[in-house]
>>> print(open('my_file_8.cif').read())   # mmCIF, C-alpha atoms, pLDDT in the B column; chains and numbers go by the auth columns
data_start
#
loop_
_atom_site.group_PDB
_atom_site.id
_atom_site.type_symbol
_atom_site.label_atom_id
_atom_site.label_comp_id
_atom_site.label_asym_id
_atom_site.label_seq_id
_atom_site.Cartn_x
_atom_site.Cartn_y
_atom_site.Cartn_z
_atom_site.B_iso_or_equiv
_atom_site.auth_seq_id
_atom_site.auth_asym_id
ATOM 1 C CA MET A 1 -0.272 155.990 -67.813 40.00 350 B
ATOM 2 C CA GLU A 2 0.973 152.779 -66.232 45.00 351 B
ATOM 3 C CA THR A 3 4.061 153.037 -64.055 50.00 352 B
ATOM 4 C CA ASN A 4 7.017 151.163 -65.487 89.00 353 B
ATOM 5 C CA GLU A 5 9.434 150.780 -62.576 92.00 354 B
ATOM 6 C CA LYS A 6 12.330 149.350 -64.603 93.00 355 B
ATOM 7 C CA LEU A 7 12.136 152.075 -67.255 95.00 356 B
ATOM 8 C CA ILE A 8 11.878 154.780 -64.596 95.00 357 B
ATOM 9 C CA GLU A 9 14.967 153.341 -62.903 94.00 358 B
ATOM 10 C CA VAL A 10 16.886 153.385 -66.215 94.00 359 B
ATOM 11 C CA LEU A 11 15.803 156.953 -66.986 96.00 360 B
ATOM 12 C CA ASN A 12 16.679 158.133 -63.466 94.00 361 B
ATOM 13 C CA GLY A 13 20.148 156.652 -63.910 92.00 362 B
ATOM 14 C CA LEU A 14 20.576 158.768 -67.034 94.00 363 B
ATOM 15 C CA ILE A 15 19.280 161.838 -65.211 94.00 364 B
ATOM 16 C CA GLU A 16 21.918 161.284 -62.525 91.00 365 B
ATOM 17 C CA ILE A 17 24.720 160.838 -65.071 90.00 366 B
ATOM 18 C CA ASN A 18 23.664 164.124 -66.683 92.00 367 B
ATOM 19 C CA HIS A 19 23.728 165.810 -63.274 90.00 368 B
ATOM 20 C CA ASP A 20 27.256 164.368 -62.909 86.00 369 B
ATOM 21 C CA ARG A 21 28.243 165.976 -66.218 88.00 370 B
ATOM 22 C CA VAL A 22 26.818 169.355 -65.174 89.00 371 B
ATOM 23 C CA ASN A 23 28.673 169.230 -61.860 85.00 372 B
ATOM 24 C CA GLY A 24 31.851 167.909 -63.494 84.00 373 B
ATOM 25 C CA TYR A 25 32.001 170.656 -66.100 87.00 374 B
ATOM 26 C CA GLU A 26 31.174 173.345 -63.541 86.00 375 B
ATOM 27 C CA LYS A 27 34.002 171.968 -61.394 81.00 376 B
ATOM 28 C CA ALA A 28 36.321 171.957 -64.419 82.00 377 B
ATOM 29 C CA LEU A 29 35.519 175.630 -65.030 84.00 378 B
ATOM 30 C CA GLU A 30 36.366 176.406 -61.387 80.00 379 B
ATOM 31 C CA GLU A 31 39.624 174.448 -61.506 74.00 380 B
ATOM 32 C CA ILE A 32 40.990 176.062 -64.634 75.00 381 B
ATOM 33 C CA LYS A 33 40.829 179.802 -64.513 70.00 382 B
ATOM 34 C CA ASP A 34 43.241 180.490 -67.377 68.00 383 B
ATOM 35 C CA LEU A 35 41.686 178.263 -70.045 65.00 384 B
ATOM 36 C CA ASP A 36 41.290 179.564 -73.520 73.00 385 B
ATOM 37 C CA THR A 37 37.839 180.970 -74.179 80.00 386 B
ATOM 38 C CA GLU A 38 36.949 178.264 -76.688 84.00 387 B
ATOM 39 C CA LEU A 39 37.483 175.474 -74.158 85.00 388 B
ATOM 40 C CA LYS A 40 35.554 177.380 -71.467 88.00 389 B
ATOM 41 C CA ASP A 41 32.678 177.705 -73.946 91.00 390 B
ATOM 42 C CA ILE A 42 32.814 173.960 -74.643 92.00 391 B
ATOM 43 C CA PHE A 43 32.663 173.200 -70.903 92.00 392 B
ATOM 44 C CA ARG A 44 29.714 175.589 -70.427 94.00 393 B
ATOM 45 C CA ASN A 45 27.942 174.174 -73.485 96.00 394 B
ATOM 46 C CA ASN A 46 28.388 170.590 -72.233 95.00 395 B
ATOM 47 C CA ALA A 47 26.984 171.526 -68.818 94.00 396 B
ATOM 48 C CA ASP A 48 24.033 173.373 -70.399 97.00 397 B
ATOM 49 C CA ASN A 49 23.288 170.462 -72.729 97.00 398 B
ATOM 50 C CA SER A 50 23.273 167.986 -69.854 95.00 399 B
ATOM 51 C CA SER A 51 20.874 170.227 -67.941 96.00 400 B
ATOM 52 C CA ARG A 52 18.535 170.085 -70.936 98.00 401 B
ATOM 53 C CA TYR A 53 18.969 166.319 -71.298 98.00 402 B
ATOM 54 C CA ALA A 54 18.178 165.797 -67.609 97.00 403 B
ATOM 55 C CA SER A 55 15.067 167.965 -67.960 97.00 404 B
ATOM 56 C CA GLN A 56 13.935 166.014 -71.014 98.00 405 B
ATOM 57 C CA LEU A 57 14.461 162.721 -69.184 98.00 406 B
ATOM 58 C CA SER A 58 12.695 164.072 -66.079 97.00 407 B
ATOM 59 C CA ASN A 59 9.647 164.844 -68.204 97.00 408 B
ATOM 60 C CA LEU A 60 9.668 161.248 -69.447 97.00 409 B
ATOM 61 C CA VAL A 61 9.910 159.885 -65.890 96.00 410 B
ATOM 62 C CA SER A 62 6.992 162.065 -64.795 96.00 411 B
ATOM 63 C CA GLY A 63 5.011 160.937 -67.831 94.00 412 B
ATOM 64 C CA PHE A 64 5.546 157.323 -66.780 94.00 413 B
ATOM 65 C CA GLY A 65 4.251 158.135 -63.295 93.00 414 B
ATOM 66 C CA GLY A 66 7.625 158.226 -61.571 94.00 415 B
ATOM 67 C CA VAL A 67 9.582 160.730 -59.537 95.00 416 B
ATOM 68 C CA PRO A 68 12.620 162.126 -61.394 95.00 417 B
ATOM 69 C CA ALA A 69 16.011 161.756 -59.733 92.00 418 B
ATOM 70 C CA ASP A 70 17.439 164.989 -58.388 89.00 419 B
ATOM 71 C CA GLY A 71 20.893 163.855 -57.323 75.00 420 B
ATOM 72 C CA THR A 72 24.044 162.457 -58.851 68.00 421 B
ATOM 73 C CA THR A 73 25.525 158.983 -59.052 64.00 422 B
ATOM 74 C CA ASN A 74 27.875 157.664 -56.390 63.00 423 B
ATOM 75 C CA SER A 75 30.566 157.355 -59.049 58.00 424 B
ATOM 76 C CA GLY A 76 29.959 161.015 -59.954 54.00 425 B
ATOM 77 C CA LYS A 77 30.608 162.025 -56.362 55.00 426 B
ATOM 78 C CA LEU A 78 33.790 159.978 -56.396 50.00 427 B
ATOM 79 C CA TYR A 79 34.759 161.577 -59.721 53.00 428 B
ATOM 80 C CA ARG A 80 34.473 165.075 -58.237 53.00 429 B
ATOM 81 C CA VAL A 81 36.522 164.082 -55.191 53.00 430 B
ATOM 82 C CA TRP A 82 39.144 162.573 -57.505 48.00 431 B
ATOM 83 C CA MET A 83 39.175 165.803 -59.550 55.00 432 B
ATOM 84 C CA ASP A 84 39.789 167.766 -56.333 57.00 433 B
ATOM 85 C CA VAL A 85 42.636 165.456 -55.303 48.00 434 B
ATOM 86 C CA LYS A 86 44.226 165.213 -58.746 54.00 435 B
ATOM 87 C CA THR A 87 44.193 168.960 -59.412 52.00 436 B
ATOM 88 C CA THR A 88 45.632 169.578 -55.951 50.00 437 B
ATOM 89 C CA PHE A 89 48.613 167.347 -56.663 43.00 438 B
ATOM 90 C CA THR A 90 49.124 167.892 -60.399 50.00 439 B
ATOM 91 C CA GLY A 91 48.333 171.560 -60.557 53.00 440 B
ATOM 92 C CA GLN A 92 45.403 173.020 -62.367 56.00 441 B
ATOM 93 C CA ASP A 93 46.586 172.381 -65.895 70.00 442 B
ATOM 94 C CA ALA A 94 44.193 171.909 -68.789 76.00 443 B
ATOM 95 C CA LYS A 95 45.525 168.462 -69.685 78.00 444 B
ATOM 96 C CA SER A 96 44.717 167.012 -66.240 76.00 445 B
ATOM 97 C CA VAL A 97 41.240 168.510 -66.213 80.00 446 B
ATOM 98 C CA LEU A 98 40.555 167.322 -69.769 83.00 447 B
ATOM 99 C CA GLU A 99 41.622 163.791 -68.800 82.00 448 B
ATOM 100 C CA LEU A 100 39.112 163.878 -65.957 80.00 449 B
ATOM 101 C CA CYS A 101 36.414 165.274 -68.252 85.00 450 B
ATOM 102 C CA GLU A 102 37.096 162.442 -70.670 86.00 451 B
ATOM 103 C CA PHE A 103 36.725 159.970 -67.801 82.00 452 B
ATOM 104 C CA GLY A 104 33.287 161.479 -67.127 83.00 453 B
ATOM 105 C CA GLU A 105 32.381 161.301 -70.814 88.00 454 B
ATOM 106 C CA ASP A 106 33.351 157.611 -70.865 88.00 455 B
ATOM 107 C CA ALA A 107 31.027 157.007 -67.906 86.00 456 B
ATOM 108 C CA ALA A 108 28.171 158.801 -69.695 90.00 457 B
ATOM 109 C CA GLN A 109 28.663 156.706 -72.842 92.00 458 B
ATOM 110 C CA LYS A 110 28.664 153.518 -70.772 91.00 459 B
ATOM 111 C CA ALA A 111 25.442 154.563 -68.998 91.00 460 B
ATOM 112 C CA TYR A 112 23.665 155.371 -72.251 95.00 461 B
ATOM 113 C CA LYS A 113 24.750 152.103 -73.886 95.00 462 B
ATOM 114 C CA ALA A 114 23.512 150.173 -70.839 94.00 463 B
ATOM 115 C CA ALA A 115 20.201 152.055 -70.898 94.00 464 B
ATOM 116 C CA LEU A 116 19.628 151.281 -74.563 96.00 465 B
ATOM 117 C CA ALA A 117 20.522 147.622 -74.018 95.00 466 B
ATOM 118 C CA SER A 118 18.320 147.279 -70.932 92.00 467 B
ATOM 119 C CA GLU A 119 15.232 145.107 -70.813 86.00 468 B
ATOM 120 C CA SER A 120 13.088 147.968 -69.563 86.00 469 B
ATOM 121 C CA GLY A 121 10.206 147.876 -72.033 89.00 470 B
ATOM 122 C CA MET A 122 11.336 151.150 -73.590 93.00 471 B
ATOM 123 C CA ASP A 123 8.890 152.635 -76.120 94.00 472 B
ATOM 124 C CA ALA A 124 10.074 154.015 -79.479 95.00 473 B
ATOM 125 C CA ASN A 125 9.814 157.689 -78.449 96.00 474 B
ATOM 126 C CA THR A 126 11.912 157.159 -75.311 97.00 475 B
ATOM 127 C CA ARG A 127 14.472 155.117 -77.286 97.00 476 B
ATOM 128 C CA ASN A 128 14.704 157.914 -79.882 97.00 477 B
ATOM 129 C CA ILE A 129 15.274 160.564 -77.207 98.00 478 B
ATOM 130 C CA ILE A 130 17.975 158.498 -75.497 98.00 479 B
ATOM 131 C CA THR A 131 19.642 157.637 -78.812 98.00 480 B
ATOM 132 C CA ASP A 132 19.651 161.302 -79.856 98.00 481 B
ATOM 133 C CA GLN A 133 21.193 162.321 -76.523 98.00 482 B
ATOM 134 C CA GLN A 134 23.809 159.567 -76.798 97.00 483 B
ATOM 135 C CA ILE A 135 24.825 160.758 -80.277 97.00 484 B
ATOM 136 C CA LYS A 136 25.225 164.319 -78.987 97.00 485 B
ATOM 137 C CA LEU A 137 27.165 163.114 -75.938 95.00 486 B
ATOM 138 C CA ASN A 138 29.433 161.098 -78.202 96.00 487 B
ATOM 139 C CA ALA A 139 30.188 164.238 -80.244 96.00 488 B
ATOM 140 C CA ALA A 140 31.007 166.116 -77.011 94.00 489 B
ATOM 141 C CA HIS A 141 33.259 163.233 -75.956 94.00 490 B
ATOM 142 C CA PHE A 142 35.109 163.438 -79.267 95.00 491 B
ATOM 143 C CA ILE A 143 35.739 167.174 -78.809 94.00 492 B
ATOM 144 C CA ILE A 144 37.094 166.678 -75.273 92.00 493 B
ATOM 145 C CA LYS A 145 39.335 163.838 -76.504 91.00 494 B
ATOM 146 C CA LYS A 146 40.562 165.993 -79.415 91.00 495 B
ATOM 147 C CA TYR A 147 41.552 168.814 -77.044 87.00 496 B
ATOM 148 C CA ARG A 148 43.208 166.397 -74.631 86.00 497 B
ATOM 149 C CA ASP A 149 45.163 164.756 -77.453 88.00 498 B
ATOM 150 C CA SER A 150 46.315 168.134 -78.785 86.00 499 B
ATOM 151 C CA LEU A 151 47.687 168.992 -75.343 77.00 500 B
ATOM 152 C CA LYS A 152 49.502 165.633 -75.172 68.00 501 B
ATOM 153 C CA GLU A 153 51.256 166.489 -78.421 62.00 502 B
ATOM 154 C CA ILE A 154 52.295 169.908 -77.105 61.00 503 B
ATOM 155 C CA HIS A 155 53.695 168.424 -73.880 54.00 504 B
ATOM 156 C CA SER A 156 55.465 165.503 -75.574 50.00 505 B
#
>>> encode(input="my_file_8.cif", output="structure tokens")
Amino acid sequence: METNEKLIEVLNGLIEINHDRVNGYEKALEEIKDLDTELKDIFRNNADNSSRYASQLSNLVSGFGGVPADGTTNSGKLYRVWMDVKTTFTGQDAKSVLELCEFGEDAAQKAYKAALASESGMDANTRNIITDQQIKLNAAHFIIKKYRDSLKEIHS
């Protein structure tokens, strides 16, 4: 199969953003030890889903003759540093961590929208996989936002 450098670059960007999500949710689980079980399960589920998405995208990259990304984005590294700093100064409350998770979800949505809008010569199968992942990520984003908003109401 012919190597498509632009498409591989786009897919590797999505792999990295999914690695960011895995690392972000694992960090969130570390930061909040006293979270309710339901929210812990949501964090674990989001991390597991992103691991699967990254694997799916890695298979596509390999199929196009490329080498799948194995790292994270620079913004993801900054996000984790910011989470460390913010939780140090604000305490390890659920609202702060959820706000940071929502920031990460916003970044994932932006990356997926950019990938789908890219001029990368994306075939229909690849577009369907990315669209399906984006829909699932959007649902995860909504859940995080719902939890964050419910905590705002409690603290208001």
>>> closest_residue(input="my_file_8.cif", among="B:Gly420, B:Ala489, B:Leu409, B:Lys355", to="Tyr374 (chain B)", atoms="only C-alpha atoms")
B:Ala489
>>> atom_distance(input="my_file_8.cif", atom1="CA of Gly415 (chain B)", atom2="CA of Asp472 (chain B)")
15.6 Å
>>> atom_distance(input="my_file_8.cif", atom1="CA of Ala460 (chain B)", atom2="CA of Leu363 (chain B)")
6.7 Å
>>> resolve_selection(input="my_file_8.cif", expression="the PyMOL selection byres ((chain B and resi 493-499) around 12)", output="PyMOL selection string")
chain B and resi 374+384-385+387-392+394-395+442-455+486-492+500-505
>>> resolve_selection(input="my_file_8.cif", expression="the PyMOL selection byres ((chain B and resi 418) around 10)", output="number ranges by chain")
B: 357-358, 360-365, 368, 403, 406-407, 410, 415-417, 419-422
>>> atom_distance(input="my_file_8.cif", atom1="CA of Leu356 (chain B)", atom2="CA of Arg393 (chain B)")
29.5 Å
>>> resolve_selection(input="my_file_8.cif", expression="the PyMOL selection byres ((chain B and resi 465) around 8)", output="PyMOL selection string")
chain B and resi 461-464+466-467+476+479-480
>>> write_last_selection(input="my_file_8.cif", atoms="C-alpha atoms", output="PDB file, keeping the file's coordinate frame")
ATOM      1  CA  TYR B 461      23.665 155.371 -72.251  1.00 95.00           C
ATOM      2  CA  LYS B 462      24.750 152.103 -73.886  1.00 95.00           C
ATOM      3  CA  ALA B 463      23.512 150.173 -70.839  1.00 94.00           C
ATOM      4  CA  ALA B 464      20.201 152.055 -70.898  1.00 94.00           C
ATOM      5  CA  ALA B 466      20.522 147.622 -74.018  1.00 95.00           C
ATOM      6  CA  SER B 467      18.320 147.279 -70.932  1.00 92.00           C
ATOM      7  CA  ARG B 476      14.472 155.117 -77.286  1.00 97.00           C
ATOM      8  CA  ILE B 479      17.975 158.498 -75.497  1.00 98.00           C
ATOM      9  CA  THR B 480      19.642 157.637 -78.812  1.00 98.00           C
TER      10      THR B 480
END
>>> build_atoms(input="my_file_8.cif", residues="region 449-485 of chain B", atoms="N, CA and C atoms", output="PDB file, in the frame of the given file")
ATOM      1  N   LEU B 449      40.215 164.175 -66.865  1.00 80.00           N
ATOM      2  CA  LEU B 449      39.112 163.878 -65.957  1.00 80.00           C
ATOM      3  C   LEU B 449      37.761 164.073 -66.646  1.00 80.00           C
ATOM      4  N   CYS B 450      37.658 165.083 -67.489  1.00 85.00           N
ATOM      5  CA  CYS B 450      36.414 165.274 -68.252  1.00 85.00           C
ATOM      6  C   CYS B 450      36.178 164.089 -69.177  1.00 85.00           C
ATOM      7  N   GLU B 451      37.247 163.598 -69.785  1.00 86.00           N
ATOM      8  CA  GLU B 451      37.096 162.442 -70.670  1.00 86.00           C
ATOM      9  C   GLU B 451      36.656 161.212 -69.882  1.00 86.00           C
ATOM     10  N   PHE B 452      37.161 161.067 -68.674  1.00 82.00           N
ATOM     11  CA  PHE B 452      36.725 159.970 -67.801  1.00 82.00           C
ATOM     12  C   PHE B 452      35.216 160.057 -67.573  1.00 82.00           C
ATOM     13  N   GLY B 453      34.719 161.268 -67.320  1.00 83.00           N
ATOM     14  CA  GLY B 453      33.287 161.479 -67.127  1.00 83.00           C
ATOM     15  C   GLY B 453      32.498 161.195 -68.396  1.00 83.00           C
ATOM     16  N   GLU B 454      33.049 161.574 -69.541  1.00 88.00           N
ATOM     17  CA  GLU B 454      32.381 161.301 -70.814  1.00 88.00           C
ATOM     18  C   GLU B 454      32.305 159.793 -71.080  1.00 88.00           C
ATOM     19  N   ASP B 455      33.368 159.082 -70.722  1.00 88.00           N
ATOM     20  CA  ASP B 455      33.351 157.611 -70.865  1.00 88.00           C
ATOM     21  C   ASP B 455      32.233 157.006 -70.019  1.00 88.00           C
ATOM     22  N   ALA B 456      32.079 157.509 -68.803  1.00 86.00           N
ATOM     23  CA  ALA B 456      31.027 157.007 -67.906  1.00 86.00           C
ATOM     24  C   ALA B 456      29.641 157.287 -68.490  1.00 86.00           C
ATOM     25  N   ALA B 457      29.465 158.462 -69.087  1.00 90.00           N
ATOM     26  CA  ALA B 457      28.171 158.801 -69.695  1.00 90.00           C
ATOM     27  C   ALA B 457      27.871 157.865 -70.865  1.00 90.00           C
ATOM     28  N   GLN B 458      28.873 157.620 -71.707  1.00 92.00           N
ATOM     29  CA  GLN B 458      28.663 156.706 -72.842  1.00 92.00           C
ATOM     30  C   GLN B 458      28.285 155.311 -72.358  1.00 92.00           C
ATOM     31  N   LYS B 459      28.954 154.848 -71.330  1.00 91.00           N
ATOM     32  CA  LYS B 459      28.664 153.518 -70.772  1.00 91.00           C
ATOM     33  C   LYS B 459      27.223 153.463 -70.243  1.00 91.00           C
ATOM     34  N   ALA B 460      26.803 154.516 -69.558  1.00 91.00           N
ATOM     35  CA  ALA B 460      25.442 154.563 -68.998  1.00 91.00           C
ATOM     36  C   ALA B 460      24.389 154.564 -70.105  1.00 91.00           C
ATOM     37  N   TYR B 461      24.627 155.319 -71.155  1.00 95.00           N
ATOM     38  CA  TYR B 461      23.665 155.371 -72.251  1.00 95.00           C
ATOM     39  C   TYR B 461      23.602 154.043 -72.997  1.00 95.00           C
ATOM     40  N   LYS B 462      24.747 153.418 -73.228  1.00 95.00           N
ATOM     41  CA  LYS B 462      24.750 152.103 -73.886  1.00 95.00           C
ATOM     42  C   LYS B 462      23.984 151.086 -73.052  1.00 95.00           C
ATOM     43  N   ALA B 463      24.216 151.101 -71.731  1.00 94.00           N
ATOM     44  CA  ALA B 463      23.512 150.173 -70.839  1.00 94.00           C
ATOM     45  C   ALA B 463      22.010 150.447 -70.853  1.00 94.00           C
ATOM     46  N   ALA B 464      21.627 151.709 -70.877  1.00 94.00           N
ATOM     47  CA  ALA B 464      20.201 152.055 -70.898  1.00 94.00           C
ATOM     48  C   ALA B 464      19.543 151.534 -72.169  1.00 94.00           C
ATOM     49  N   LEU B 465      20.204 151.732 -73.297  1.00 96.00           N
ATOM     50  CA  LEU B 465      19.628 151.281 -74.563  1.00 96.00           C
ATOM     51  C   LEU B 465      19.583 149.763 -74.675  1.00 96.00           C
ATOM     52  N   ALA B 466      20.491 149.084 -73.984  1.00 95.00           N
ATOM     53  CA  ALA B 466      20.522 147.622 -74.018  1.00 95.00           C
ATOM     54  C   ALA B 466      19.633 146.985 -72.946  1.00 95.00           C
ATOM     55  N   SER B 467      19.093 147.805 -72.057  1.00 92.00           N
ATOM     56  CA  SER B 467      18.320 147.279 -70.932  1.00 92.00           C
ATOM     57  C   SER B 467      17.011 146.646 -71.392  1.00 92.00           C
ATOM     58  N   GLU B 468      16.522 145.774 -70.574  1.00 86.00           N
ATOM     59  CA  GLU B 468      15.232 145.107 -70.813  1.00 86.00           C
ATOM     60  C   GLU B 468      14.165 145.857 -70.021  1.00 86.00           C
ATOM     61  N   SER B 469      13.970 147.120 -70.358  1.00 86.00           N
ATOM     62  CA  SER B 469      13.088 147.968 -69.563  1.00 86.00           C
ATOM     63  C   SER B 469      11.738 148.234 -70.221  1.00 86.00           C
ATOM     64  N   GLY B 470      11.480 147.621 -71.354  1.00 89.00           N
ATOM     65  CA  GLY B 470      10.206 147.876 -72.033  1.00 89.00           C
ATOM     66  C   GLY B 470      10.129 149.280 -72.596  1.00 89.00           C
ATOM     67  N   MET B 471      11.249 149.783 -73.104  1.00 93.00           N
ATOM     68  CA  MET B 471      11.336 151.150 -73.590  1.00 93.00           C
ATOM     69  C   MET B 471      10.521 151.320 -74.880  1.00 93.00           C
ATOM     70  N   ASP B 472       9.672 152.340 -74.922  1.00 94.00           N
ATOM     71  CA  ASP B 472       8.890 152.635 -76.120  1.00 94.00           C
ATOM     72  C   ASP B 472       9.772 153.349 -77.146  1.00 94.00           C
ATOM     73  N   ALA B 473       9.291 153.453 -78.373  1.00 95.00           N
ATOM     74  CA  ALA B 473      10.074 154.015 -79.479  1.00 95.00           C
ATOM     75  C   ALA B 473      10.442 155.482 -79.233  1.00 95.00           C
ATOM     76  N   ASN B 474       9.529 156.285 -78.704  1.00 96.00           N
ATOM     77  CA  ASN B 474       9.814 157.689 -78.449  1.00 96.00           C
ATOM     78  C   ASN B 474      10.945 157.844 -77.433  1.00 96.00           C
ATOM     79  N   THR B 475      10.871 157.095 -76.347  1.00 97.00           N
ATOM     80  CA  THR B 475      11.912 157.159 -75.311  1.00 97.00           C
ATOM     81  C   THR B 475      13.247 156.713 -75.891  1.00 97.00           C
ATOM     82  N   ARG B 476      13.240 155.620 -76.661  1.00 97.00           N
ATOM     83  CA  ARG B 476      14.472 155.117 -77.286  1.00 97.00           C
ATOM     84  C   ARG B 476      15.062 156.175 -78.225  1.00 97.00           C
ATOM     85  N   ASN B 477      14.217 156.863 -78.979  1.00 97.00           N
ATOM     86  CA  ASN B 477      14.704 157.914 -79.882  1.00 97.00           C
ATOM     87  C   ASN B 477      15.339 159.068 -79.119  1.00 97.00           C
ATOM     88  N   ILE B 478      14.727 159.464 -78.020  1.00 98.00           N
ATOM     89  CA  ILE B 478      15.274 160.564 -77.207  1.00 98.00           C
ATOM     90  C   ILE B 478      16.631 160.159 -76.639  1.00 98.00           C
ATOM     91  N   ILE B 479      16.717 158.965 -76.089  1.00 98.00           N
ATOM     92  CA  ILE B 479      17.975 158.498 -75.497  1.00 98.00           C
ATOM     93  C   ILE B 479      19.045 158.345 -76.572  1.00 98.00           C
ATOM     94  N   THR B 480      18.678 157.803 -77.718  1.00 98.00           N
ATOM     95  CA  THR B 480      19.642 157.637 -78.812  1.00 98.00           C
ATOM     96  C   THR B 480      20.152 158.993 -79.287  1.00 98.00           C
ATOM     97  N   ASP B 481      19.257 159.959 -79.435  1.00 98.00           N
ATOM     98  CA  ASP B 481      19.651 161.302 -79.856  1.00 98.00           C
ATOM     99  C   ASP B 481      20.612 161.929 -78.838  1.00 98.00           C
ATOM    100  N   GLN B 482      20.309 161.784 -77.555  1.00 98.00           N
ATOM    101  CA  GLN B 482      21.193 162.321 -76.523  1.00 98.00           C
ATOM    102  C   GLN B 482      22.551 161.621 -76.567  1.00 98.00           C
ATOM    103  N   GLN B 483      22.548 160.309 -76.762  1.00 97.00           N
ATOM    104  CA  GLN B 483      23.809 159.567 -76.798  1.00 97.00           C
ATOM    105  C   GLN B 483      24.686 160.032 -77.969  1.00 97.00           C
ATOM    106  N   ILE B 484      24.073 160.276 -79.116  1.00 97.00           N
ATOM    107  CA  ILE B 484      24.825 160.758 -80.277  1.00 97.00           C
ATOM    108  C   ILE B 484      25.462 162.111 -79.961  1.00 97.00           C
ATOM    109  N   LYS B 485      24.699 162.999 -79.337  1.00 97.00           N
ATOM    110  CA  LYS B 485      25.225 164.319 -78.987  1.00 97.00           C
ATOM    111  C   LYS B 485      26.317 164.219 -77.920  1.00 97.00           C
TER     112      LYS B 485
END
